[in-house]
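First the structure, in the form of structure tokens, and then the observations on it.
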Amino acid sequence: MHDKEQYQRNWQSQLTTWRQSLAAMNAQADKVSAQYELEFHRQLDLLQAKLELAALKLQQLHDATGVEWEELKASLDGIRNEIENALDSAWAKIG
């Protein structure tokens, strides 16, 4: 169980960091050129949805065991990559 608990703590910490990044991006949305504005806001909406999905899966992970635990972990690992790519892309539009 120790690995599972550590995994959950790491994810909670990462979600907090990502939410802070999303808030910072929203605060700087006026810096996005008109050329990227619509796409940027779509990315932020998608990012918010992915963060909510990750939080939901993390809640499900709490009681999961065995195969279910492994499936949720794999799903969360995939979501992590998607979130990190979306963050990088959105920050690039601000810079």
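In the structure tokens, chains take the letters A, B, ... in the order shown, each chain's residues start at 1, and ligands count up from 1 in the order shown.
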### Query
Can you list, as a list in words, every protein, DNA or RNA residue that comes within 12 Å of Asp77 (chain A) when you count only C-alpha atoms, leaving out same-chain residues fewer than 2 positions away?
Tyr7, Gln8, Asn10, Trp11, Gln14, Ala54, Lys57, Leu58, Glu70, Glu71, Leu72, Lys73, Ala74, Ser75, Ile79, Arg80, Asn81, Glu82, Ile83 and Glu84 of chain A
### Message
Give me the residues near Leu47 (chain A) as a PyMOL selection string, where near means some atom within 9 Å (using only C-alpha atoms) and where sequence neighbours in that chain fewer than 4 positions away do not count.
### Response
chain A and resi 22+42-43+51-52+82-83+86-87
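Proximity ranking of A:Ala34, A:Leu15, A:Ala90, A:Ala27 relative to Leu53 (chain A) places A:Leu15 first, based on only C-alpha atoms.
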